[in-house]
Structures are given as C-alpha cells and as structure tokens.
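Shown next: query-v8.txt, given as compact mmCIF, C-alpha atoms.
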# COMPACT_ATOMS: atom_id res chain seq x y z
CA MET A 1 102.23 93.61 132.35
CA ASN A 2 101.69 97.14 133.70
CA ASP A 3 103.13 98.70 130.55
CA PRO A 4 100.35 100.53 128.62
CA LYS A 5 102.13 99.67 125.37
CA TYR A 6 101.61 95.99 126.11
CA TRP A 7 97.85 96.35 126.58
CA LEU A 8 97.43 98.66 123.58
CA GLY A 9 99.35 96.20 121.43
CA LEU A 10 97.27 93.31 122.76
CA PHE A 11 94.03 95.10 121.96
CA SER A 12 95.26 96.17 118.53
CA SER A 13 96.05 92.53 117.71
CA TYR A 14 93.21 90.65 119.39
CA GLY A 15 90.88 92.86 121.44
CA TRP A 16 89.18 94.42 118.43
CA VAL A 17 87.82 90.96 117.52
CA LEU A 18 85.66 90.90 120.65
CA VAL A 19 84.43 94.47 120.17
CA ILE A 20 83.99 94.91 116.42
CA LEU A 21 83.25 91.32 115.44
CA GLY A 22 80.72 91.13 118.28
CA MET A 23 78.99 94.33 117.15
CA GLU A 24 78.91 93.03 113.57
CA ARG A 25 76.84 90.07 114.75
CA ILE A 26 74.35 92.24 116.65
CA TRP A 27 74.20 95.74 115.14
CA TYR A 28 74.66 95.05 111.45
CA ILE A 29 73.84 96.85 108.20
CA TYR A 30 72.99 93.56 106.51
CA LYS A 31 73.06 90.12 108.03
CA GLN A 32 76.22 88.49 106.67
CA PRO A 33 77.64 85.00 107.30
CA LEU A 34 80.59 84.81 109.67
CA TRP A 35 82.05 81.97 107.63
CA ARG A 36 82.40 83.26 104.10
CA PRO A 37 84.70 82.85 101.06
CA GLY A 38 88.24 83.97 101.77
CA LEU A 39 87.90 84.13 105.57
CA ILE A 40 90.89 81.85 106.20
CA SER A 41 93.12 83.97 103.97
CA ASP A 42 91.89 87.17 105.61
CA VAL A 43 92.66 85.78 109.07
CA LEU A 44 96.14 84.89 107.81
CA TYR A 45 96.54 88.41 106.45
CA THR A 46 95.45 89.79 109.82
CA TYR A 47 97.93 87.73 111.83
CA GLN A 48 100.78 87.25 109.37
CA ASN A 49 103.08 89.35 111.55
CA VAL A 50 102.37 87.08 114.52
CA ALA A 51 102.97 84.03 112.31
CA LEU A 52 106.37 85.41 111.28
CA GLN A 53 107.17 86.05 114.95
CA TRP A 54 106.41 82.43 115.75
CA LEU A 55 108.29 81.16 112.70
CA PHE A 56 111.48 83.07 113.52
CA TRP A 57 111.23 82.80 117.32
CA ALA A 58 111.16 86.57 117.65
CA LYS A 59 110.15 88.42 120.83
CA THR A 60 107.73 90.71 119.00
CA PRO A 61 105.60 90.42 115.84
CA ILE A 62 107.63 90.95 112.67
CA VAL A 63 106.19 93.72 110.49
CA VAL A 64 108.15 93.30 107.27
CA GLU A 65 106.88 96.44 105.55
CA GLY A 66 107.54 98.38 108.77
CA ILE A 67 111.15 97.19 108.95
CA LEU A 68 111.66 98.00 105.27
CA THR A 69 110.15 101.48 105.46
CA VAL A 70 112.04 102.37 108.65
CA PHE A 71 115.28 101.33 106.95
CA ILE A 72 114.47 103.51 103.93
CA ALA A 73 113.36 106.43 106.10
CA THR A 74 116.43 106.45 108.33
CA HIS A 75 118.67 106.11 105.28
CA PHE A 76 117.26 109.18 103.54
CA PHE A 77 116.51 111.24 106.68
CA PRO A 78 119.17 110.73 109.36
CA ALA A 79 118.19 111.85 112.86
CA GLN A 80 120.77 114.65 112.91
CA GLY A 81 119.73 116.10 109.54
CA ASP A 82 119.13 119.83 109.09
CA GLY A 83 116.42 119.86 106.43
CA PHE A 84 113.55 122.35 106.36
CA LEU A 85 111.46 121.82 109.55
CA GLN A 86 113.24 118.51 110.14
CA GLY A 87 112.73 117.38 113.74
CA SER A 88 110.22 120.19 114.35
CA LEU A 89 107.70 117.97 116.15
CA ALA A 90 110.11 116.45 118.67
CA ASP A 91 109.42 119.10 121.33
CA LYS A 92 105.79 119.85 120.49
CA SER A 93 102.76 118.85 122.54
CA PHE A 94 100.86 115.58 122.27
CA ALA A 95 97.94 117.33 120.55
CA VAL A 96 100.13 119.01 117.92
CA ASN A 97 101.92 115.73 117.17
CA PHE A 98 98.66 113.80 116.94
CA LEU A 99 97.00 116.32 114.64
CA ALA A 100 100.13 116.36 112.47
CA LEU A 101 100.02 112.56 112.21
CA ILE A 102 96.37 112.67 111.17
CA PHE A 103 97.22 115.25 108.49
CA PHE A 104 100.22 113.24 107.23
CA GLY A 105 98.32 109.97 107.33
CA GLU A 106 95.20 111.15 105.57
CA THR A 107 97.15 113.07 102.91
CA ALA A 108 99.33 110.08 102.10
CA PHE A 109 96.43 107.63 102.19
CA TYR A 110 94.24 109.66 99.87
CA ALA A 111 97.06 110.27 97.39
CA VAL A 112 98.26 106.65 97.28
CA HIS A 113 94.72 105.29 97.27
CA TYR A 114 93.69 107.60 94.42
CA ALA A 115 96.74 106.53 92.42
CA CYS A 116 95.96 102.86 93.04
CA HIS A 117 92.60 103.33 91.32
CA LYS A 118 93.80 105.53 88.48
CA VAL A 119 97.11 103.94 87.49
CA PRO A 120 96.51 100.52 85.83
CA VAL A 121 99.74 98.97 87.14
CA LEU A 122 98.94 99.99 90.72
CA TRP A 123 95.33 98.87 90.38
CA GLU A 124 96.37 95.26 89.80
CA PHE A 125 97.94 95.25 93.27
CA HIS A 126 95.06 97.16 94.90
CA ARG A 127 92.63 94.82 93.19
CA VAL A 128 93.55 92.19 95.80
CA HIS A 129 91.97 94.35 98.49
CA HIS A 130 88.83 94.85 96.42
CA SER A 131 88.44 91.18 95.53
CA SER A 132 86.50 90.17 98.67
CA VAL A 133 82.84 89.53 97.89
CA ILE A 134 81.89 90.24 101.50
CA VAL A 135 83.23 93.33 103.27
CA ASP A 136 83.73 92.91 106.99
CA SER A 137 86.30 93.63 109.69
CA PHE A 138 88.53 90.71 108.68
CA SER A 139 88.65 91.83 105.03
CA THR A 140 90.45 95.00 106.21
CA SER A 141 93.85 93.30 106.05
CA ARG A 142 93.59 91.84 102.57
CA PHE A 143 96.41 93.77 100.89
CA HIS A 144 99.22 92.86 98.55
CA PHE A 145 102.64 93.21 100.19
CA PHE A 146 103.81 95.86 97.69
CA GLU A 147 100.72 97.92 98.36
CA ARG A 148 101.23 97.73 102.11
CA VAL A 149 104.69 99.19 101.61
CA ALA A 150 103.26 101.93 99.37
CA PHE A 151 100.72 102.94 102.03
CA THR A 152 103.16 102.64 104.94
CA LEU A 153 106.26 104.33 103.50
CA PRO A 154 104.95 107.95 103.31
CA ASN A 155 103.82 107.83 106.96
CA ILE A 156 107.14 106.44 108.20
CA LEU A 157 109.05 109.01 106.14
CA CYS A 158 107.05 111.86 107.68
CA MET A 159 107.39 110.46 111.21
CA THR A 160 111.14 110.09 110.77
CA TYR A 161 111.71 113.45 109.12
CA PHE A 162 109.66 115.52 111.58
CA GLN A 163 110.63 113.26 114.54
CA VAL A 164 107.14 112.60 115.83
CA ARG A 165 107.07 111.62 119.52
CA LEU A 166 107.04 107.87 120.12
CA ASP A 167 104.18 108.00 122.63
CA VAL A 168 102.03 109.77 120.02
CA ILE A 169 102.94 107.22 117.34
CA LEU A 170 101.80 104.43 119.68
CA ILE A 171 98.39 106.02 120.29
CA TYR A 172 98.01 106.97 116.64
CA PHE A 173 98.57 103.43 115.35
CA PHE A 174 96.20 102.09 118.00
CA PHE A 175 93.57 104.57 116.81
CA ARG A 176 94.21 103.76 113.14
CA THR A 177 93.99 100.01 113.73
CA PHE A 178 90.63 100.32 115.44
CA MET A 179 89.22 102.80 112.91
CA ASP A 180 90.37 100.75 109.90
CA ARG A 181 88.59 97.68 111.28
CA TYR A 182 85.53 99.76 112.10
CA ILE A 183 85.07 101.41 108.68
CA HIS A 184 85.46 98.05 106.91
CA SER A 185 83.01 96.38 109.27
CA ASN A 186 79.34 95.59 108.77
CA ILE A 187 78.38 97.66 111.83
CA ASN A 188 75.40 99.93 111.37
CA GLY A 189 77.31 102.90 112.77
CA PRO A 190 75.96 106.45 112.97
CA ARG A 191 76.17 108.53 109.81
CA TRP A 192 76.18 111.85 111.67
CA THR A 193 79.95 111.40 112.08
CA HIS A 194 80.24 112.40 108.40
CA LYS A 195 79.34 115.95 109.42
CA LEU A 196 82.42 115.86 111.67
CA MET A 197 84.50 114.59 108.73
CA VAL A 198 84.85 111.17 110.40
CA SER A 199 84.31 108.12 108.20
CA SER A 200 81.99 105.20 108.95
CA PRO A 201 81.13 101.72 107.62
CA HIS A 202 78.29 103.28 105.59
CA PHE A 203 80.70 105.68 103.87
CA HIS A 204 83.49 103.21 103.14
CA ARG A 205 81.25 100.35 101.98
CA TRP A 206 80.27 102.49 99.00
CA HIS A 207 83.94 102.54 98.02
CA HIS A 208 83.89 98.73 97.79
CA ALA A 209 80.52 98.58 96.04
CA ILE A 210 80.22 97.59 92.40
CA ASP A 211 77.52 100.21 91.77
CA PRO A 212 78.58 102.41 88.79
CA GLU A 213 77.70 105.66 90.57
CA ALA A 214 80.03 104.77 93.47
CA ARG A 215 83.01 103.90 91.26
CA ASP A 216 86.21 105.77 92.17
CA LYS A 217 84.58 107.46 95.14
CA ASN A 218 85.36 107.69 98.87
CA PHE A 219 89.15 107.38 98.75
CA SER A 220 89.64 108.72 102.27
CA GLY A 221 90.82 106.70 105.24
CA ASP A 222 89.46 107.49 108.70
CA PHE A 223 88.54 111.11 107.95
CA ILE A 224 86.69 112.21 104.85
CA PHE A 225 87.74 115.85 104.43
CA TYR A 226 89.78 115.14 101.29
CA ASP A 227 86.81 113.45 99.62
CA VAL A 228 84.70 116.49 100.45
CA LEU A 229 87.44 118.87 99.29
CA PHE A 230 88.04 117.10 95.96
CA ASN A 231 84.40 116.20 95.33
CA THR A 232 84.98 112.43 95.44
CA ALA A 233 82.53 111.76 98.27
CA TYR A 234 79.53 109.56 97.58
CA ASP A 235 77.21 109.44 100.57
CA PRO A 236 73.53 108.90 99.67
CA ASP A 237 71.01 108.82 102.48
CA PRO A 238 69.89 105.21 103.19
CA LYS A 239 66.30 106.44 102.92
CA ASP A 240 66.94 107.37 99.30
CA LYS A 241 69.29 104.53 98.35
CA PRO A 242 69.85 101.35 100.38
CA PRO A 243 73.43 100.57 101.48
CA PRO A 244 75.37 98.42 98.97
CA SER A 245 75.31 94.66 99.38
CA VAL A 246 77.32 93.41 96.36
CA PHE A 247 81.12 93.68 96.41
CA GLY A 248 84.30 92.29 94.91
CA GLU A 249 85.06 89.77 92.19
CA PRO A 250 83.40 86.36 92.62
CA GLY A 251 85.95 84.70 90.34
CA TYR A 252 89.05 86.12 92.03
CA THR A 253 91.14 83.63 93.98
CA ASN A 254 90.84 83.49 97.78
CA ASN A 255 94.21 81.80 98.22
CA ILE A 256 96.56 84.18 100.06
CA ILE A 257 99.67 82.95 98.23
CA VAL A 258 98.06 83.07 94.79
CA GLN A 259 96.69 86.55 95.57
CA GLN A 260 100.27 87.78 95.98
CA LEU A 261 101.15 86.37 92.55
CA MET A 262 98.04 87.37 90.58
CA PRO A 263 99.00 91.05 89.99
CA PHE A 264 102.16 89.93 88.22
CA VAL A 265 100.14 87.45 86.13
CA PHE A 266 97.65 90.14 85.10
CA LEU A 267 100.41 92.64 84.34
CA TYR A 268 102.27 90.07 82.25
CA ARG A 269 99.10 89.31 80.29
CA ARG A 270 98.48 93.03 79.81
CA TRP A 271 102.06 93.60 78.56
CA PHE A 272 102.11 90.40 76.48
CA SER A 273 98.81 91.21 74.73
CA LYS A 274 100.12 94.67 73.74
CA SER A 275 103.41 93.26 72.46
CA MET A 276 101.67 90.77 70.15

Could you take the file, read its structure, and then write that structure out as structure tokens?
Amino acid sequence: MNDPKYWLGLFSSYGWVLVILGMERIWYIYKQPLWRPGLISDVLYTYQNVALQWLFWAKTPIVVEGILTVFIATHFFPAQGDGFLQGSLADKSFAVNFLALIFFGETAFYAVHYACHKVPVLWEFHRVHHSSVIVDSFSTSRFHFFERVAFTLPNILCMTYFQVRLDVILIYFFFRTFMDRYIHSNINGPRWTHKLMVSSPHFHRWHHAIDPEARDKNFSGDFIFYDVLFNTAYDPDPKDKPPPSVFGEPGYTNNIIVQQLMPFVFLYRRWFSKSM
C-alpha cells in the first residue's frame, strides 16, 4: 500500500474520474449530458484491461496491446544489443529520460495519427475513435484494437531500444493518461497553454469537429509543436469563432463488439465495389 506505483496506477485507472469528470460537470465548454449515446461502450473501452484481469483471474490488469508490443520489441531489440545509441538512456538522468520519452511519444503519435487520416485503410480503423457524437473524457478510450497497437508499438520499441528507466516510464504513462483524458474532456481549460506548446480541450476538440476548416488539423497528442511546425494547427480564438459542438457520425454503431468489426466490413465493401 505504501508503493507509489500502486497509488499512481490506482489514480490512472479510477482517480481521474473524480477529478476530470467532476470538472466537466462544473467548468465546461458546453453543457453536455453525462448519459449519452455510446457511454456504456466507452466505459467498457476504458476498463477492458480490468475486465480481462477479472476474467482470467490475473493479479494485474491485462493490457493485450502492451503484451504484444513488448514481445515484438524484445524480439527485435534484445537487451544486450549493440545498435547505434542502443541502451543510451539507461544511465541518464530522470529529466533526460522524460524529455526523450516526450519526444519519442509525440513524434510517433503525430506520424501514426497523420497516417490514420490520410491512408484510407487506416482511416477505417481510426474512424471508430471519431464516431462518438459527444466528445468527453470517457470517449478518449474508444479505439479499435489494431489502432491501439499501431499507436503503442513505436513507443515500446523506442523504450526498449534506448532502455528508458522504468521509474521514468511509470511517471510518463501516468502523465499521458491524465493528459489524454484532459484534452478529450469538455473542461473549459486555459488556452494560454498553447503558447507553451501544451494542448488543451479547446485545441483537440477542433480535431474531432465536423467543421470543414478544421478537417485534418490538430494531429498532435499532449504537445502541439508538431502541428505548429508542419502548419496543421487550427486554433481560432473563441471570440472570433465559438468552440465546436457537433462531432462524430450519428449513424455509426455504439456497440463495442460491432465497432471492432465495422472497419473490416467497410474495407470489404470498398474492395468489393472496386472489383465489380
């Protein structure tokens, strides 16, 4: 009980609900219903790892994509490898390791996220995440399994190759979990963080908006420097343009199981129509 890892893990899984969900009800951009279409599926997405833990009587939550990516990473990059700069972070300071993780994470996220919007096959999987008609902290976890692997794998590969310190990885994932929930939330957070290259709900909600001028914008994760660098940032002042309020696809299924199957259905239809 005195292990910091235990409390960080507990907050990452459950504590954010009290903080972020509470702030969404009080300090909101727009007043949104707590009970909305797809909420049950999004809760299941959020706690699927805990559900697998209960199902298989495991001692810790089962993160399938994490297990898969660690297996791939250790297979390609053994701990005793001698590649260029391999293991270079093992003896570096906490700050150097943390900054390196931010760089790795944001680079991988922007690249994979950009590809998911530009490559039609990948879009059908990413479309699941964009299907929610209401964007809030629980909609953060709505991802297709294949896409979760695609976003997770580059990070795990980098961590394994450069041998990032385990204590830094723990803090980093705690930070990422909180920030991911925050930027997807309906909290009326400060926009001055954009000047510090830190994202916010205002910035990321434009990425989910159906407004034509916001299409294929704001690909960044928790920091927005890549959007600024590659001119993909869309950040109008609320005084000039109100924050978006319409998101997603009203006709898209909210069933978590069907959502995992729909990309294959759409891809089959796309292939079948071209072959006719």

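Candidate residues A:Val121, A:Phe84, A:Arg36, A:Phe203 were compared for distance to A:Tyr268, and the nearest is A:Val121, using only C-alpha atoms.
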
Discussion item. So, with all atoms listed in the file as the atoms that count, which of A:Phe151, A:Phe272, A:Trp192, A:Phe247 lies closest to A:His113?
Written reply: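 Closest residue, counting all atoms listed in the file: A:Phe151.
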
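For the choices A:Tyr182, A:Trp27, A:Phe138, A:Tyr172, the atom-to-atom distance to A:Ile40 is smallest for A:Phe138 when using all atoms listed in the file.
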
Discussion item. Applying 6 Å and all atoms listed in the file, which residues near stretch 222-239 of chain A remain after dropping the ones on its own chain fewer than 3 positions away? List them as a list in words.
Written reply: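 These residues fall inside the cut-off: Met197, Val198, Ser199, Lys217, Asn218 and Pro242 of chain A.
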
Dump as a JSON list (two decimals), keeping the file's coordinate frame, selection limited to C-alpha atoms:
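And here's selection19.json as it stands now:
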[["chain", "number", "residue", "atom", "x", "y", "z"],
["A", 197, "MET", "CA", 84.50, 114.59, 108.73],
["A", 198, "VAL", "CA", 84.85, 111.17, 110.40],
["A", 199, "SER", "CA", 84.31, 108.12, 108.20],
["A", 217, "LYS", "CA", 84.58, 107.46, 95.14],
["A", 218, "ASN", "CA", 85.36, 107.69, 98.87],
["A", 242, "PRO", "CA", 69.85, 101.35, 100.38]]

Fill in: Gap from atom CA of A:Gly22 to atom CA of A:Asp167 - Å, one decimal
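For atom CA of A:Gly22 relative to atom CA of A:Asp167, the distance reads 29.2 Å.
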
Practice prompt. Could you give me, as JSON, numbers by chain, the residues within 10 Å of A:Phe143, counting all atoms listed in the file and dropping anything in the same chain fewer than 6 positions from it?
Written response: {"A": [42, 45, 46, 125, 126, 127, 128, 129, 130, 131, 149, 256, 259, 260]}

Worksheet entry | Atomic separation - atom CA of A:Leu101 relative to atom CA of A:Phe173, Å |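 Distance between the two atoms: 9.8 Å.
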
Discussion item. Ranking A:Phe264, A:Phe98, A:Phe11, A:Tyr28 by minimum distance to A:Leu166 and counting all atoms listed in the file, which one comes first?
Written reply: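 For A:Leu166, the nearest of the given residues is A:Phe98.
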
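Between atom CA of A:Glu106 and atom CA of A:Leu267 the interatomic distance comes to 28.6 Å.
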
Discussion item. Using only C-alpha atoms, which protein or nucleic acid residues come within 12 Å of A:Ser12? Drop anything in the same chain fewer than 6 positions from it, and give the result as a PyMOL selection string.
Written reply: chain A and resi 5-6+18-20+46-47+170-181

Worksheet item: Around (81.8, 89.8, 100.4) in the file's frame, which residues reach within 7 Å when counting all atoms listed in the file? Return as number ranges by chain?
Response: A: 132-135, 247-248

Worksheet entry | A:Thr107 surroundings by only C-alpha atoms, 10 Å radius, close-in-sequence under 2 positions cut, as a PyMOL selection string | chain A and resi 101-105+109-113+154-155+220-221+225-226

Would you compute, for all listed atoms of stretch 119-126 of chain A, the axis-aligned bounding box grown by 4 Å on each side, and then report its centre and edge lengths in Å rounded to one decimal, as AutoDock Vina command-line options?
--center_x 97.4 --center_y 99.6 --center_z 90.4 --size_x 12.7 --size_y 16.7 --size_z 17.1

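Of the listed residues (A:His207, A:His117, A:Arg25, A:Arg142), A:Arg142 comes nearest to A:Gly38; the distances count all atoms listed in the file.
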
Worksheet item: Hey, which of A:Gln163, A:Leu21, A:Gln48, A:Glu249 ends up closest to A:Asn97? Count all atoms listed in the file.
Response: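 Among the listed residues, A:Gln163 lies closest to A:Asn97.
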
Practice prompt. Could you give me, as a list of chain:residue names, the residues within 8 Å of A:Gly189, counting all atoms listed in the file and dropping anything in the same chain fewer than 5 positions from it?
Written response: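 Non-adjacent residues within range: A:Ser200, A:Pro201, A:His202.
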